[in-house]
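**Q** First, the structure itself, so that you have it in front of you.
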Amino acid sequence: MAIAHFALGPGAEERLHNSLASYYTSGTYIRESIEVGLATPEKVAREVAAYTEAGCDELILFPHGGDLEQVDLLADAVGL
């Protein structure tokens, strides 16, 4: 089981950064989360494939987009 943070669509990187920065107050975890955050469909697809290849059978993709459109964008990114 693993978790990954994502935001997709226009302004995704900025939304991801702002959301994580306001949720996690400080420290190494916030910096690392922002660095590995997924802000493009290609990054999402690669990350899902990498977790699958590593044997992960449950990946929680935590959206940082603020609207339900993130579900559709995620589904498109992973080919659902």
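Lettering and numbering for the structure tokens are positional, with chains as A, B, ... in the shown order, residues counted from 1 in each chain, and ligands counted from 1 in the shown order.
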List the spatial neighbours of Leu59 of chain A as a list in words - criterion: any atom at most 9 Å away, only C-alpha atoms, same-chain residues fewer than 3 positions off excluded.

**A**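 Here the qualifying residues turn out to be Met1, Ala2, Ile3, Ala4, Val48, Tyr51, Thr52 and Cys56 of chain A.
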
**Q** Write out as a list in words the residues lying within 10 Å of Gly66 of chain A, counting only C-alpha atoms and excluding same-chain residues fewer than 2 positions away.

**A**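 Everything that qualifies: Ala7, Arg15, Ser19, Pro63, His64, Leu68, Glu69 and Gln70 of chain A.
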
**Q** Compile the contact shell of Ile30 of chain A as a ChimeraX atom specification: residues with an atom at most 8 Å away, counting only C-alpha atoms, same-chain residues fewer than 4 positions apart removed.

**A** /A:20-21,24-26,34

**Q** Just to be explicit: take each residue in the selection above, keep N, CA, C and O atoms, and write the result as an mmCIF file, in the first residue's frame.

**A**
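Ended up saving to part_18.cif:
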```cif
data_model
loop_
_atom_site.group_PDB
_atom_site.id
_atom_site.type_symbol
_atom_site.label_atom_id
_atom_site.label_comp_id
_atom_site.auth_asym_id
_atom_site.auth_seq_id
_atom_site.Cartn_x
_atom_site.Cartn_y
_atom_site.Cartn_z
ATOM 1 N N LEU A 20 -0.267 21.331 -0.535
ATOM 2 C CA LEU A 20 0.631 20.606 0.369
ATOM 3 C C LEU A 20 1.259 21.545 1.391
ATOM 4 O O LEU A 20 1.394 21.201 2.566
ATOM 5 N N ALA A 21 1.631 22.752 0.950
ATOM 6 C CA ALA A 21 2.252 23.711 1.860
ATOM 7 C C ALA A 21 1.285 24.170 2.946
ATOM 8 O O ALA A 21 1.706 24.436 4.078
ATOM 9 N N TYR A 24 0.635 20.547 5.272
ATOM 10 C CA TYR A 24 1.778 20.159 6.096
ATOM 11 C C TYR A 24 2.529 21.428 6.448
ATOM 12 O O TYR A 24 2.968 22.153 5.574
ATOM 13 N N THR A 25 2.698 21.685 7.715
ATOM 14 C CA THR A 25 3.244 22.971 8.139
ATOM 15 C C THR A 25 4.722 23.154 7.843
ATOM 16 O O THR A 25 5.154 24.247 7.522
ATOM 17 N N SER A 26 5.529 22.119 7.968
ATOM 18 C CA SER A 26 6.956 22.269 7.691
ATOM 19 C C SER A 26 7.632 20.913 7.686
ATOM 20 O O SER A 26 6.998 19.888 7.909
ATOM 21 N N ILE A 34 6.200 17.632 -2.209
ATOM 22 C CA ILE A 34 6.112 18.574 -3.324
ATOM 23 C C ILE A 34 7.020 18.115 -4.461
ATOM 24 O O ILE A 34 6.629 18.139 -5.622
#
```

**Q** Taking only chain A into account, list the residues labelled strand (DSSP E or B) by DSSP (computed from the backbone), as a list in words.

**A** Ala2, Ile3, Ala4, His5, Phe6, Leu38, Leu59, Ile60, Leu61, Phe62 and Pro63 of chain A

**Q** Can you write just those residues out, N, CA, C and O atoms, as a PDB file, in the first residue's frame?

**A**
```pdb
ATOM      1  N   ALA A   2       0.481   2.220  -0.792  1.00  0.00           N
ATOM      2  CA  ALA A   2       1.244   3.461  -0.880  1.00  0.00           C
ATOM      3  C   ALA A   2       0.287   4.612  -1.172  1.00  0.00           C
ATOM      4  O   ALA A   2      -0.868   4.396  -1.527  1.00  0.00           O
ATOM      5  N   ILE A   3       0.806   5.828  -1.022  1.00  0.00           N
ATOM      6  CA  ILE A   3       0.021   7.024  -1.324  1.00  0.00           C
ATOM      7  C   ILE A   3       0.852   7.948  -2.206  1.00  0.00           C
ATOM      8  O   ILE A   3       2.069   8.012  -2.076  1.00  0.00           O
ATOM      9  N   ALA A   4       0.177   8.622  -3.128  1.00  0.00           N
ATOM     10  CA  ALA A   4       0.819   9.623  -3.971  1.00  0.00           C
ATOM     11  C   ALA A   4      -0.114  10.826  -4.066  1.00  0.00           C
ATOM     12  O   ALA A   4      -1.329  10.677  -4.110  1.00  0.00           O
ATOM     13  N   HIS A   5       0.476  12.010  -4.095  1.00  0.00           N
ATOM     14  CA  HIS A   5      -0.290  13.254  -4.193  1.00  0.00           C
ATOM     15  C   HIS A   5      -0.305  13.703  -5.651  1.00  0.00           C
ATOM     16  O   HIS A   5       0.704  13.636  -6.335  1.00  0.00           O
ATOM     17  N   PHE A   6      -1.468  14.179  -6.122  1.00  0.00           N
ATOM     18  CA  PHE A   6      -1.548  14.649  -7.502  1.00  0.00           C
ATOM     19  C   PHE A   6      -2.500  15.823  -7.644  1.00  0.00           C
ATOM     20  O   PHE A   6      -3.390  16.038  -6.825  1.00  0.00           O
ATOM     21  N   LEU A  38       2.634  14.614  -8.323  1.00  0.00           N
ATOM     22  CA  LEU A  38       2.313  14.316  -9.716  1.00  0.00           C
ATOM     23  C   LEU A  38       1.420  15.417 -10.282  1.00  0.00           C
ATOM     24  O   LEU A  38       0.296  15.595  -9.839  1.00  0.00           O
ATOM     25  N   LEU A  59      -2.818   1.546  -4.254  1.00  0.00           N
ATOM     26  CA  LEU A  59      -2.214   2.871  -4.358  1.00  0.00           C
ATOM     27  C   LEU A  59      -3.307   3.908  -4.166  1.00  0.00           C
ATOM     28  O   LEU A  59      -4.281   3.941  -4.916  1.00  0.00           O
ATOM     29  N   ILE A  60      -3.150   4.720  -3.161  1.00  0.00           N
ATOM     30  CA  ILE A  60      -4.109   5.799  -2.894  1.00  0.00           C
ATOM     31  C   ILE A  60      -3.580   7.056  -3.564  1.00  0.00           C
ATOM     32  O   ILE A  60      -2.483   7.514  -3.245  1.00  0.00           O
ATOM     33  N   LEU A  61      -4.348   7.589  -4.489  1.00  0.00           N
ATOM     34  CA  LEU A  61      -3.975   8.821  -5.178  1.00  0.00           C
ATOM     35  C   LEU A  61      -4.774   9.962  -4.557  1.00  0.00           C
ATOM     36  O   LEU A  61      -5.990  10.039  -4.705  1.00  0.00           O
ATOM     37  N   PHE A  62      -4.075  10.812  -3.838  1.00  0.00           N
ATOM     38  CA  PHE A  62      -4.686  11.891  -3.058  1.00  0.00           C
ATOM     39  C   PHE A  62      -4.758  13.152  -3.919  1.00  0.00           C
ATOM     40  O   PHE A  62      -3.741  13.751  -4.243  1.00  0.00           O
ATOM     41  N   PRO A  63      -5.984  13.591  -4.297  1.00  0.00           N
ATOM     42  CA  PRO A  63      -6.121  14.750  -5.184  1.00  0.00           C
ATOM     43  C   PRO A  63      -5.940  16.083  -4.470  1.00  0.00           C
ATOM     44  O   PRO A  63      -6.361  16.261  -3.331  1.00  0.00           O
TER      45      PRO A  63
END
```

**Q** Do you know which residues are at most 12 Å from Leu80 of chain A counting only C-alpha atoms, after dropping those on the same chain fewer than 6 positions away, and could you put them as a PyMOL selection string?

**A** chain A and resi 45+71-74

**Q** Take the residues from that selection and put them in a file with all heavy atoms, as a PDB file, in the first residue's frame.

**A**
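Final output, again.pdb:
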```
ATOM      1  N   ALA A  45       0.721   8.409 -14.896  1.00  0.00           N
ATOM      2  CA  ALA A  45       0.770   7.103 -15.560  1.00  0.00           C
ATOM      3  C   ALA A  45       2.064   6.367 -15.230  1.00  0.00           C
ATOM      4  O   ALA A  45       2.044   5.159 -14.928  1.00  0.00           O
ATOM      5  CB  ALA A  45       0.622   7.273 -17.068  1.00  0.00           C
ATOM      6  N   VAL A  71     -11.145  13.693 -10.692  1.00  0.00           N
ATOM      7  CA  VAL A  71     -11.450  12.266 -10.871  1.00  0.00           C
ATOM      8  C   VAL A  71     -11.408  11.907 -12.351  1.00  0.00           C
ATOM      9  O   VAL A  71     -10.799  10.903 -12.745  1.00  0.00           O
ATOM     10  CB  VAL A  71     -12.818  11.908 -10.255  1.00  0.00           C
ATOM     11  CG1 VAL A  71     -13.188  10.461 -10.556  1.00  0.00           C
ATOM     12  CG2 VAL A  71     -12.824  12.177  -8.767  1.00  0.00           C
ATOM     13  N   ASP A  72     -12.018  12.727 -13.189  1.00  0.00           N
ATOM     14  CA  ASP A  72     -12.017  12.475 -14.632  1.00  0.00           C
ATOM     15  C   ASP A  72     -10.609  12.597 -15.213  1.00  0.00           C
ATOM     16  O   ASP A  72     -10.205  11.785 -16.052  1.00  0.00           O
ATOM     17  CB  ASP A  72     -12.958  13.438 -15.353  1.00  0.00           C
ATOM     18  CG  ASP A  72     -14.421  13.189 -15.013  1.00  0.00           C
ATOM     19  OD1 ASP A  72     -14.768  12.018 -14.720  1.00  0.00           O
ATOM     20  OD2 ASP A  72     -15.203  14.152 -15.036  1.00  0.00           O
ATOM     21  N   LEU A  73      -9.868  13.615 -14.778  1.00  0.00           N
ATOM     22  CA  LEU A  73      -8.510  13.783 -15.273  1.00  0.00           C
ATOM     23  C   LEU A  73      -7.619  12.618 -14.854  1.00  0.00           C
ATOM     24  O   LEU A  73      -6.778  12.162 -15.641  1.00  0.00           O
ATOM     25  CB  LEU A  73      -7.921  15.118 -14.769  1.00  0.00           C
ATOM     26  CG  LEU A  73      -8.582  16.381 -15.313  1.00  0.00           C
ATOM     27  CD1 LEU A  73      -8.084  17.603 -14.558  1.00  0.00           C
ATOM     28  CD2 LEU A  73      -8.325  16.507 -16.801  1.00  0.00           C
ATOM     29  N   LEU A  74      -7.808  12.120 -13.636  1.00  0.00           N
ATOM     30  CA  LEU A  74      -7.053  10.966 -13.173  1.00  0.00           C
ATOM     31  C   LEU A  74      -7.399   9.720 -13.989  1.00  0.00           C
ATOM     32  O   LEU A  74      -6.513   8.988 -14.422  1.00  0.00           O
ATOM     33  CB  LEU A  74      -7.314  10.719 -11.688  1.00  0.00           C
ATOM     34  CG  LEU A  74      -6.627   9.511 -11.088  1.00  0.00           C
ATOM     35  CD1 LEU A  74      -5.120   9.627 -11.169  1.00  0.00           C
ATOM     36  CD2 LEU A  74      -7.086   9.318  -9.637  1.00  0.00           C
TER      37      LEU A  74
END
```

**Q** Separation of atom CA of Ala75 of chain A and atom CA of Asn18 of chain A, in Å?

**A**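 Result for atom CA of Ala75 of chain A versus atom CA of Asn18 of chain A: 23.1 Å, one decimal.
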
**Q** Just checking: using only C-alpha atoms, which residue out of A:Leu16, A:Asp57, A:Thr28, A:Ala77 ends up closest to Lys43 of chain A?

**A**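 The shortest atom-to-atom distance to Lys43 of chain A comes from A:Ala77.
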